[in-house]
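Taking it in order: structure first as structure tokens, then the write-up.
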Amino acid sequence: MFWVKFSLIIIIVFVLITIVKFLLRKVFKIEKVKRSFFSYNHINELHRKVDRWVRSITTITLIILVVLVINDEDLIYLYSIGVVSLFALDYAVRVFFELKYSENPKQSILTVAEMILVLTAILIVFLVWIP
């Protein structure tokens with residue numbers, strides 16, 4: 001039953017992100033940028049380096065948080081705060097580089113909208129499934 005609910009939430013979030021991006025593109029007249037499905041899509045070399053550091057710090061932090069949660073289940077809230085903060089940091093880096101260095105700075109509007117929707121979904125999942 002867990003996987004059915006989890007899959008349903010992922011599908012709903014994906015559809016919601018798609019609809020919101022479509023509407024924002026129409027309202028703000030943002031052209032669609034072709035990107036590969038599973039690629040990092042860095043704006044420039046500096047973005048690639050900063051993103052690598054952020055992902056490394058995220059990995060180390062999440063491993064430490066998982067170990068802490070395994071040892072003490074009462075720290076699950078610390079884990080949820082860590083996940084939300086690290087996702088926000090990743091999106092913030094992407095938004096910064098889209099605003100400063102991108103050929104299409106309006107793309108940052110879509111990234112901010114996606115960040116808000118994904119973080120809201122993560123928070124809802126944590127609030128529903130954590131007692």
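Chain labels follow the order of the structure tokens: the first chain is A, the next B, and so on; residue numbering restarts at 1 in every chain, and ligands are counted from 1 in their shown order.
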
List the spatial neighbours of stretch 94-104 of chain A as a ChimeraX atom specification - criterion: any atom at most 9 Å away, only C-alpha atoms, same-chain residues fewer than 2 positions off excluded. /A:30-31,33,42-44,46-47,51,89-92,106-109,111-112

Writing out the chosen residues with N, CA and C atoms as a short mmCIF file (atom, residue, chain, number, x, y, z; two decimals), in the first residue's frame:
```cif
data_model
loop_
_atom_site.label_atom_id
_atom_site.label_comp_id
_atom_site.auth_asym_id
_atom_site.auth_seq_id
_atom_site.Cartn_x
_atom_site.Cartn_y
_atom_site.Cartn_z
N ILE A 30 7.81 32.59 -21.90
CA ILE A 30 9.13 31.96 -21.75
C ILE A 30 9.24 30.87 -22.81
N GLU A 31 10.29 30.94 -23.61
CA GLU A 31 10.47 29.92 -24.63
C GLU A 31 10.98 28.62 -24.00
N VAL A 33 13.22 25.47 -23.57
CA VAL A 33 14.61 25.12 -23.83
C VAL A 33 14.71 23.61 -23.90
N HIS A 42 24.28 22.16 -17.10
CA HIS A 42 24.97 23.27 -16.46
C HIS A 42 25.01 24.47 -17.39
N ILE A 43 24.94 25.66 -16.79
CA ILE A 43 24.95 26.90 -17.56
C ILE A 43 26.36 27.17 -18.09
N ASN A 44 27.36 27.01 -17.23
CA ASN A 44 28.75 27.23 -17.63
C ASN A 44 29.66 26.36 -16.75
N LEU A 46 31.70 27.21 -14.30
CA LEU A 46 31.60 27.53 -12.87
C LEU A 46 30.39 26.86 -12.24
N HIS A 47 29.29 26.84 -12.96
CA HIS A 47 28.09 26.17 -12.47
C HIS A 47 28.36 24.67 -12.27
N ASP A 51 28.08 23.03 -8.66
CA ASP A 51 27.10 21.96 -8.54
C ASP A 51 27.75 20.67 -8.05
N LEU A 89 18.93 24.20 -1.39
CA LEU A 89 20.26 24.68 -1.78
C LEU A 89 20.57 24.33 -3.23
N ASP A 90 20.25 23.11 -3.63
CA ASP A 90 20.49 22.69 -5.01
C ASP A 90 19.70 23.55 -5.99
N TYR A 91 18.44 23.77 -5.71
CA TYR A 91 17.63 24.61 -6.59
C TYR A 91 18.09 26.06 -6.56
N ALA A 92 18.51 26.55 -5.39
CA ALA A 92 18.97 27.94 -5.28
C ALA A 92 20.21 28.17 -6.15
N LYS A 106 14.70 34.22 -17.79
CA LYS A 106 13.32 33.95 -17.39
C LYS A 106 13.11 32.48 -17.00
N GLN A 107 14.03 31.62 -17.41
CA GLN A 107 13.94 30.21 -17.04
C GLN A 107 13.97 30.04 -15.52
N SER A 108 14.58 31.01 -14.84
CA SER A 108 14.65 30.91 -13.38
C SER A 108 13.26 30.95 -12.74
N ILE A 109 12.30 31.58 -13.40
CA ILE A 109 10.93 31.59 -12.89
C ILE A 109 10.39 30.17 -12.84
N THR A 111 12.18 27.44 -12.66
CA THR A 111 12.94 26.69 -11.66
C THR A 111 12.44 26.99 -10.26
N VAL A 112 12.13 28.25 -9.98
CA VAL A 112 11.60 28.60 -8.65
C VAL A 112 10.25 27.93 -8.42
#
```

Shell around A:Leu65 at 12 Å using only C-alpha atoms, local window under 3 positions removed, as a PyMOL selection string: chain A and resi 58-62+68-83+86

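Compared by their closest atoms to A:Phe87, and using only C-alpha atoms, the residues A:Leu23, A:Val4, A:Val13, A:Met115 rank with A:Met115 nearest.
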
Just list the residues in stretch 16-84 of chain A DSSP gives helix (DSSP H, G or I) on the backbone, as a PyMOL selection string. chain A and resi 16-28+45-71+73-84

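Among the candidate residues A:Val84, A:Val15, A:Leu110, A:Ile64, the one lying nearest to A:Val27 is A:Leu110, with distances computed using only C-alpha atoms.
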
Using only C-alpha atoms, which protein or nucleic acid residues come within 12 Å of A:Phe2? Drop anything in the same chain fewer than 4 positions from it, and give the result as a ChimeraX atom specification. /A:6-9,125,128-129
